[in-house]
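Comments concern the structure below.
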Amino acid sequence: NAGVTQTPKFQVLKTGQSMTLQCAQDMNHEYMSWYRQDPGMGLRLIHYSVGAGITDQGEVPNGYNVSRSTTEDFPLRLLSAAPSQTSVYFCASSATGTGYSNQPQHFGDGTRLSIL
Amino acid sequence: SQKIEQNSEALNIQEGKTATLTCNYTNYSPAYLQWYRQDPGRGPVFLLLIRENEKEKRKERLKVTFDTTLKQSLFHITASQPADSATYLCALRLYSGGGADGLTFGKGTHLIIQP
């Protein structure tokens, strides 16, 4: 089973460039989310989605866009990259059940992004 | 403001001993608390979930306690092994009312099991 797949694994961008981080899951999970992980800051929620066509902002949404056209895919877009967006990005998914706080989160192995 | 605290310093434990990690939270009343393991260069991996009405939960050599009065969870690894060396994260759901509705993670405790 693939689980949660993130591509690319590494990326270097120049300030102002745009790119899309891909996330796909094959577990038919309704809930998907994006986190960034920075040294000394821990994981911080960027955006999340509770199903196809439904997205909402997390703790640090500025500079990022998301969409959810299918259950499987949840891409994260950087429209104009800034050095402050240098980070490791993790996508996660879970079943919804009676609420996603009581469901294990399945994480991908991350995309390491550097903005020069 | 809501806050989750884990010992940010590395915890060194001798092989075979019990490792105990602490997760404290303020201003929350979570119904569930989760623990994850993260290895270098990898995503977090789910270990255990404990509900507010459960005092203790076990899985093989792992044990988690949840004290809603103290607002604290303890994570124990018994008979620790060098392979248990990793960063361990606690997580719970944030109810901010501002749309940040997902799991909030502590910064993690780096556990080192020495042979």
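Just so we're on the same page: first chain in the structure tokens is A, next is B, and so on; residues restart at 1 for each chain, and ligands are numbered from 1 in the order they show up.
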Just the residues within 8 Å of stretch 46-51 of chain B, please, counting only C-alpha atoms, with nothing from its chain fewer than 2 positions along; format it as a ChimeraX atom specification. /A:102,104-106 /B:31-37,44,53-54,56-57,59,64-66
Store the residues picked out above, limited to N, CA and C atoms, as a CSV table (one decimal), in the first residue's frame.
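Resulting contents of result.csv:
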```
chain,number,residue,atom,x,y,z
A,102,ASN,N,-10.0,12.0,16.5
A,102,ASN,CA,-9.9,10.7,17.1
A,102,ASN,C,-9.4,9.6,16.1
A,104,PRO,N,-6.1,8.3,13.6
A,104,PRO,CA,-4.7,8.4,13.3
A,104,PRO,C,-4.5,9.2,12.0
A,105,GLN,N,-3.5,10.1,12.1
A,105,GLN,CA,-3.1,10.8,10.9
A,105,GLN,C,-2.0,10.0,10.2
A,106,HIS,N,-2.1,9.8,8.8
A,106,HIS,CA,-1.1,9.2,8.0
A,106,HIS,C,-0.4,10.2,7.3
B,31,ALA,N,-10.6,15.9,23.9
B,31,ALA,CA,-11.3,14.7,24.1
B,31,ALA,C,-10.3,13.5,23.8
B,32,TYR,N,-9.3,13.8,23.0
B,32,TYR,CA,-8.3,12.8,22.6
B,32,TYR,C,-6.9,13.4,22.5
B,33,LEU,N,-5.9,12.5,22.7
B,33,LEU,CA,-4.6,12.9,22.6
B,33,LEU,C,-3.8,11.8,21.9
B,34,GLN,N,-3.0,12.2,21.0
B,34,GLN,CA,-2.3,11.2,20.2
B,34,GLN,C,-0.7,11.4,20.3
B,35,TRP,N,0.0,10.3,20.1
B,35,TRP,CA,1.4,10.3,20.1
B,35,TRP,C,1.9,9.7,18.8
B,36,TYR,N,3.0,10.4,18.3
B,36,TYR,CA,3.6,10.0,17.1
B,36,TYR,C,5.1,9.9,17.3
B,37,ARG,N,5.7,9.1,16.4
B,37,ARG,CA,7.2,8.9,16.3
B,37,ARG,C,7.6,9.5,15.0
B,44,PRO,N,5.9,11.9,10.4
B,44,PRO,CA,5.5,11.3,11.7
B,44,PRO,C,4.7,10.0,11.5
B,53,ASN,N,-11.5,9.7,28.7
B,53,ASN,CA,-12.1,8.9,29.8
B,53,ASN,C,-11.2,7.6,30.0
B,54,GLU,N,-10.1,7.6,29.3
B,54,GLU,CA,-9.1,6.5,29.5
B,54,GLU,C,-8.0,7.0,30.3
B,56,GLU,N,-5.3,5.1,31.0
B,56,GLU,CA,-4.0,4.5,30.5
B,56,GLU,C,-4.3,3.7,29.3
B,57,LYS,N,-3.3,3.6,28.4
B,57,LYS,CA,-3.5,2.8,27.2
B,57,LYS,C,-2.1,2.1,26.9
B,59,LYS,N,0.3,-0.5,24.3
B,59,LYS,CA,0.6,-1.2,23.1
B,59,LYS,C,2.0,-1.8,23.1
B,64,VAL,N,0.7,4.9,27.5
B,64,VAL,CA,0.4,6.3,27.6
B,64,VAL,C,-0.6,6.5,28.7
B,65,THR,N,-0.4,7.6,29.4
B,65,THR,CA,-1.4,8.0,30.4
B,65,THR,C,-1.9,9.4,30.1
B,66,PHE,N,-3.1,9.7,30.6
B,66,PHE,CA,-3.8,10.9,30.2
B,66,PHE,C,-4.5,11.4,31.5
```
With a distance cut-off of 12 Å and only C-alpha atoms, select the neighbouring residues of A:Asp38, excluding the residue or stretch itself and same-chain residues fewer than 6 positions from it, and output the selection as number ranges by chain. A: 44-45, 84-90, 112-114; B: 107-108
Select, as an MDAnalysis selection string, those residues of chain B with any atom no more than 7 Å from chain A (distances computed using only C-alpha atoms). chainID B and resid 32 42:46 92:93 99:103 105:107
Show which residues sit within 6 Å of A:Gln22, as a list in words. Count only C-alpha atoms, and ignore same-chain residues fewer than 4 positions away. Gln6, Thr7 and Pro75 of chain A
Please, could you write that set of residues out with C-alpha atoms as a CSV table (one decimal), in the first residue's frame?
```
chain,number,residue,atom,x,y,z
A,6,GLN,CA,4.3,13.5,-1.7
A,7,THR,CA,6.2,14.8,-4.7
A,75,PRO,CA,-2.2,19.9,-3.9
```
Given only C-alpha atoms as the basis, pick out the residue of B:Pro30, B:Ala19, B:Ile113, B:Ile4 nearest to B:Lys63. B:Ala19
What is the distance between atom CA of B:Gln38 and atom CA of B:Thr87, in Å to one decimal?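 Separation of atom CA of B:Gln38 and atom CA of B:Thr87: 5.1 Å.
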Pick from B:Leu111, B:Ile77, B:Leu70, B:Leu62, whichever lies nearest to B:Thr18 using only C-alpha atoms: B:Ile77
All residues 9 Å or closer to stretch 12-19 of chain A, only C-alpha atoms, same chain fewer than 3 positions away omitted, as a PDB file with all heavy atoms, in the first residue's frame:
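After the write, result17.pdb holds the following:
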```
ATOM      1  N   LEU A  76      -0.839  21.605  -2.818  1.00  0.00           N
ATOM      2  CA  LEU A  76      -0.545  22.867  -2.132  1.00  0.00           C
ATOM      3  C   LEU A  76       0.221  23.765  -3.096  1.00  0.00           C
ATOM      4  O   LEU A  76       1.251  23.377  -3.624  1.00  0.00           O
ATOM      5  CB  LEU A  76       0.302  22.614  -0.881  1.00  0.00           C
ATOM      6  CG  LEU A  76       0.718  23.841  -0.069  1.00  0.00           C
ATOM      7  CD1 LEU A  76      -0.490  24.423   0.670  1.00  0.00           C
ATOM      8  CD2 LEU A  76       1.828  23.481   0.918  1.00  0.00           C
ATOM      9  N   ARG A  77      -0.285  24.983  -3.291  1.00  0.00           N
ATOM     10  CA  ARG A  77       0.327  25.900  -4.252  1.00  0.00           C
ATOM     11  C   ARG A  77       0.982  27.078  -3.549  1.00  0.00           C
ATOM     12  O   ARG A  77       0.368  27.693  -2.672  1.00  0.00           O
ATOM     13  CB  ARG A  77      -0.722  26.412  -5.241  1.00  0.00           C
ATOM     14  CG  ARG A  77      -1.339  25.338  -6.091  1.00  0.00           C
ATOM     15  CD  ARG A  77      -2.326  25.899  -7.113  1.00  0.00           C
ATOM     16  NE  ARG A  77      -2.983  24.836  -7.842  1.00  0.00           N
ATOM     17  CZ  ARG A  77      -4.055  24.194  -7.423  1.00  0.00           C
ATOM     18  NH1 ARG A  77      -4.604  24.538  -6.258  1.00  0.00           N
ATOM     19  NH2 ARG A  77      -4.587  23.233  -8.133  1.00  0.00           N
ATOM     20  N   LEU A  78       2.207  27.358  -3.979  1.00  0.00           N
ATOM     21  CA  LEU A  78       2.879  28.585  -3.586  1.00  0.00           C
ATOM     22  C   LEU A  78       2.838  29.501  -4.802  1.00  0.00           C
ATOM     23  O   LEU A  78       3.419  29.194  -5.842  1.00  0.00           O
ATOM     24  CB  LEU A  78       4.336  28.322  -3.191  1.00  0.00           C
ATOM     25  CG  LEU A  78       4.607  27.697  -1.820  1.00  0.00           C
ATOM     26  CD1 LEU A  78       4.195  26.235  -1.785  1.00  0.00           C
ATOM     27  CD2 LEU A  78       6.073  27.867  -1.458  1.00  0.00           C
ATOM     28  N   LEU A  79       2.153  30.617  -4.699  1.00  0.00           N
ATOM     29  CA  LEU A  79       1.956  31.480  -5.857  1.00  0.00           C
ATOM     30  C   LEU A  79       3.177  32.349  -6.139  1.00  0.00           C
ATOM     31  O   LEU A  79       3.530  32.592  -7.290  1.00  0.00           O
ATOM     32  CB  LEU A  79       0.725  32.362  -5.654  1.00  0.00           C
ATOM     33  CG  LEU A  79      -0.595  31.589  -5.528  1.00  0.00           C
ATOM     34  CD1 LEU A  79      -1.759  32.544  -5.327  1.00  0.00           C
ATOM     35  CD2 LEU A  79      -0.831  30.709  -6.751  1.00  0.00           C
ATOM     36  N   SER A  80       3.837  32.827  -5.090  1.00  0.00           N
ATOM     37  CA  SER A  80       5.023  33.663  -5.230  1.00  0.00           C
ATOM     38  C   SER A  80       5.934  33.360  -4.045  1.00  0.00           C
ATOM     39  O   SER A  80       5.765  33.917  -2.972  1.00  0.00           O
ATOM     40  CB  SER A  80       4.641  35.143  -5.245  1.00  0.00           C
ATOM     41  OG  SER A  80       5.796  35.960  -5.367  1.00  0.00           O
ATOM     42  N   ALA A  81       6.858  32.444  -4.264  1.00  0.00           N
ATOM     43  CA  ALA A  81       7.664  31.923  -3.160  1.00  0.00           C
ATOM     44  C   ALA A  81       8.498  33.012  -2.488  1.00  0.00           C
ATOM     45  O   ALA A  81       9.049  33.900  -3.158  1.00  0.00           O
ATOM     46  CB  ALA A  81       8.567  30.809  -3.663  1.00  0.00           C
ATOM     47  N   ALA A  82       8.583  32.889  -1.156  1.00  0.00           N
ATOM     48  CA  ALA A  82       9.393  33.811  -0.353  1.00  0.00           C
ATOM     49  C   ALA A  82      10.351  33.001   0.512  1.00  0.00           C
ATOM     50  O   ALA A  82      10.041  31.856   0.870  1.00  0.00           O
ATOM     51  CB  ALA A  82       8.493  34.665   0.538  1.00  0.00           C
ATOM     52  N   PRO A  83      11.519  33.552   0.847  1.00  0.00           N
ATOM     53  CA  PRO A  83      12.479  32.807   1.676  1.00  0.00           C
ATOM     54  C   PRO A  83      11.873  32.289   2.977  1.00  0.00           C
ATOM     55  O   PRO A  83      12.291  31.240   3.481  1.00  0.00           O
ATOM     56  CB  PRO A  83      13.588  33.841   1.931  1.00  0.00           C
ATOM     57  CG  PRO A  83      13.538  34.723   0.726  1.00  0.00           C
ATOM     58  CD  PRO A  83      12.081  34.842   0.377  1.00  0.00           C
ATOM     59  N   ARG A 112      11.049  18.762   0.930  1.00  0.00           N
ATOM     60  CA  ARG A 112      11.997  19.723   1.489  1.00  0.00           C
ATOM     61  C   ARG A 112      12.195  20.832   0.491  1.00  0.00           C
ATOM     62  O   ARG A 112      12.742  20.614  -0.580  1.00  0.00           O
ATOM     63  CB  ARG A 112      13.308  19.015   1.821  1.00  0.00           C
ATOM     64  CG  ARG A 112      13.186  18.204   3.078  1.00  0.00           C
ATOM     65  CD  ARG A 112      13.949  16.889   3.048  1.00  0.00           C
ATOM     66  NE  ARG A 112      13.586  16.089   4.224  1.00  0.00           N
ATOM     67  CZ  ARG A 112      12.509  15.310   4.301  1.00  0.00           C
ATOM     68  NH1 ARG A 112      11.694  15.190   3.276  1.00  0.00           N
ATOM     69  NH2 ARG A 112      12.253  14.636   5.394  1.00  0.00           N
ATOM     70  N   LEU A 113      11.734  22.023   0.869  1.00  0.00           N
ATOM     71  CA  LEU A 113      11.678  23.148  -0.046  1.00  0.00           C
ATOM     72  C   LEU A 113      12.610  24.255   0.425  1.00  0.00           C
ATOM     73  O   LEU A 113      12.543  24.676   1.587  1.00  0.00           O
ATOM     74  CB  LEU A 113      10.241  23.683  -0.114  1.00  0.00           C
ATOM     75  CG  LEU A 113       9.961  24.831  -1.077  1.00  0.00           C
ATOM     76  CD1 LEU A 113      10.243  24.417  -2.511  1.00  0.00           C
ATOM     77  CD2 LEU A 113       8.516  25.296  -0.930  1.00  0.00           C
ATOM     78  N   SER A 114      13.463  24.722  -0.479  1.00  0.00           N
ATOM     79  CA  SER A 114      14.361  25.848  -0.195  1.00  0.00           C
ATOM     80  C   SER A 114      14.050  26.968  -1.162  1.00  0.00           C
ATOM     81  O   SER A 114      13.971  26.751  -2.372  1.00  0.00           O
ATOM     82  CB  SER A 114      15.828  25.437  -0.345  1.00  0.00           C
ATOM     83  OG  SER A 114      16.196  24.513   0.649  1.00  0.00           O
ATOM     84  N   ILE A 115      13.880  28.172  -0.600  1.00  0.00           N
ATOM     85  CA  ILE A 115      13.601  29.360  -1.407  1.00  0.00           C
ATOM     86  C   ILE A 115      14.811  30.297  -1.308  1.00  0.00           C
ATOM     87  O   ILE A 115      15.148  30.763  -0.218  1.00  0.00           O
ATOM     88  CB  ILE A 115      12.341  30.108  -0.930  1.00  0.00           C
ATOM     89  CG1 ILE A 115      11.191  29.142  -0.653  1.00  0.00           C
ATOM     90  CG2 ILE A 115      11.948  31.176  -1.944  1.00  0.00           C
ATOM     91  CD1 ILE A 115      10.669  28.425  -1.857  1.00  0.00           C
ATOM     92  N   LEU A 116      15.440  30.547  -2.433  1.00  0.00           N
ATOM     93  CA  LEU A 116      16.652  31.372  -2.434  1.00  0.00           C
ATOM     94  C   LEU A 116      16.328  32.834  -2.754  1.00  0.00           C
ATOM     95  O   LEU A 116      15.348  33.127  -3.437  1.00  0.00           O
ATOM     96  CB  LEU A 116      17.646  30.821  -3.450  1.00  0.00           C
ATOM     97  CG  LEU A 116      18.027  29.343  -3.263  1.00  0.00           C
ATOM     98  CD1 LEU A 116      18.959  28.895  -4.352  1.00  0.00           C
ATOM     99  CD2 LEU A 116      18.616  29.110  -1.887  1.00  0.00           C
TER     100      LEU A 116
END
```
Near-B:Cys23 list (6 Å; only C-alpha atoms; drop same-chain fewer than 3 positions) as a list of chain:residue names: B:Glu5, B:Gln6, B:Gln72, B:Ser73
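Distance check against B:Phe75 using only C-alpha atoms: of B:Thr20, B:Lys55, B:Leu89, B:Thr104, the minimum falls on B:Thr20.
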Report the residues of stretch 3-112 of chain A whose backbone DSSP state falls under strand (DSSP E or B), written as number ranges by chain. A: 4-7, 10-13, 19-25, 31-38, 42-51, 54-57, 64-66, 73, 76-78, 87-94, 106-107, 111-112
Produce a file of the selected residues containing C-alpha atoms, as a CSV table (one decimal), in the first residue's frame.
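Writing the result to out.csv gives the following:
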```
chain,number,residue,atom,x,y,z
A,4,VAL,CA,0.3,9.1,1.4
A,5,THR,CA,2.6,10.0,-1.5
A,6,GLN,CA,4.3,13.5,-1.7
A,7,THR,CA,6.2,14.8,-4.7
A,10,PHE,CA,13.3,18.1,-2.7
A,11,GLN,CA,12.9,21.4,-4.5
A,12,VAL,CA,14.9,24.6,-4.8
A,13,LEU,CA,13.1,27.8,-5.9
A,19,MET,CA,5.1,25.8,-7.7
A,20,THR,CA,2.7,23.1,-6.6
A,21,LEU,CA,3.5,20.4,-4.0
A,22,GLN,CA,1.6,17.3,-4.8
A,23,CYS,CA,-0.1,15.0,-2.3
A,24,ALA,CA,-2.0,11.8,-3.1
A,25,GLN,CA,-3.5,9.2,-0.8
A,31,TYR,CA,-9.7,14.4,5.7
A,32,MET,CA,-6.5,15.7,4.3
A,33,SER,CA,-4.1,18.4,5.6
A,34,TRP,CA,-0.9,20.2,5.0
A,35,TYR,CA,1.7,21.1,7.7
A,36,ARG,CA,5.0,22.8,7.6
A,37,GLN,CA,7.8,21.9,10.0
A,38,ASP,CA,10.5,24.3,10.9
A,42,GLY,CA,7.1,22.0,15.3
A,43,LEU,CA,4.4,21.1,12.9
A,44,ARG,CA,2.0,23.9,12.0
A,45,LEU,CA,-1.2,23.5,10.1
A,46,ILE,CA,-1.4,25.4,6.8
A,47,HIS,CA,-4.7,24.2,5.2
A,48,TYR,CA,-7.0,21.3,5.6
A,49,SER,CA,-9.9,19.7,3.8
A,50,VAL,CA,-12.8,17.5,5.1
A,51,GLY,CA,-13.8,16.3,1.7
A,54,ILE,CA,-14.2,21.7,0.9
A,55,THR,CA,-11.1,23.4,2.1
A,56,ASP,CA,-10.3,25.7,5.0
A,57,GLN,CA,-7.4,27.6,6.5
A,64,TYR,CA,-0.5,29.2,0.2
A,65,ASN,CA,-3.5,28.0,-1.8
A,66,VAL,CA,-5.2,24.6,-1.9
A,73,ASP,CA,-5.5,14.5,-4.2
A,76,LEU,CA,-0.5,22.9,-2.1
A,77,ARG,CA,0.3,25.9,-4.3
A,78,LEU,CA,2.9,28.6,-3.6
A,87,SER,CA,10.6,24.5,5.2
A,88,VAL,CA,9.7,20.9,5.2
A,89,TYR,CA,6.1,20.3,4.1
A,90,PHE,CA,4.1,17.3,5.2
A,91,CYS,CA,0.8,16.1,3.9
A,92,ALA,CA,-1.5,14.0,6.0
A,93,SER,CA,-4.7,12.1,5.7
A,94,SER,CA,-7.2,10.4,8.0
A,106,HIS,CA,-1.1,9.2,8.0
A,107,PHE,CA,1.8,11.3,6.9
A,111,THR,CA,8.9,17.8,0.6
A,112,ARG,CA,12.0,19.7,1.5
```
Surrounding residues of B:Lys3 excluding itself and chain neighbours under 3 positions, 8 Å, only C-alpha atoms, as a ChimeraX atom specification: /B:25-27
Export C-alpha atoms of the chosen residues as a compact mmCIF listing (two decimals), in the first residue's frame?
```
# COMPACT_ATOMS: atom_id res chain seq x y z
CA TYR B 25 -1.04 21.41 27.58
CA THR B 26 -2.79 24.58 28.67
CA ASN B 27 -6.16 26.10 27.79
```
If you run DSSP on the backbone, which residues of stretch 4-103 of chain A are helix (DSSP H, G or I), as JSON, numbers by chain? {"A": [83, 84, 85, 100, 101, 102]}
Distance query B:Ser85 at most 12 Å, only C-alpha atoms, self and fewer than 4 positions along chain excluded, as a list in words: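 Listing them by chain and then by number gives Ala10, Leu11, Asn12, Ile13, Gln14, Glu15, Ala19, Arg37, Gln38, Asp39, Pro40, Ile77, Ser80, Gln81, Thr109, His110, Leu111, Ile112, Ile113, Gln114 and Pro115 of chain B.
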In Å, rounded to a single decimal, give me how far atom CA of B:Lys71 is from atom CA of B:Asn24. 5.9 Å
Provide the atom CA of B:Cys90 to atom CA of A:Gly3 distance in Å, to one decimal place.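 We find that atom CA of B:Cys90 and atom CA of A:Gly3 lie 21.6 Å from each other.
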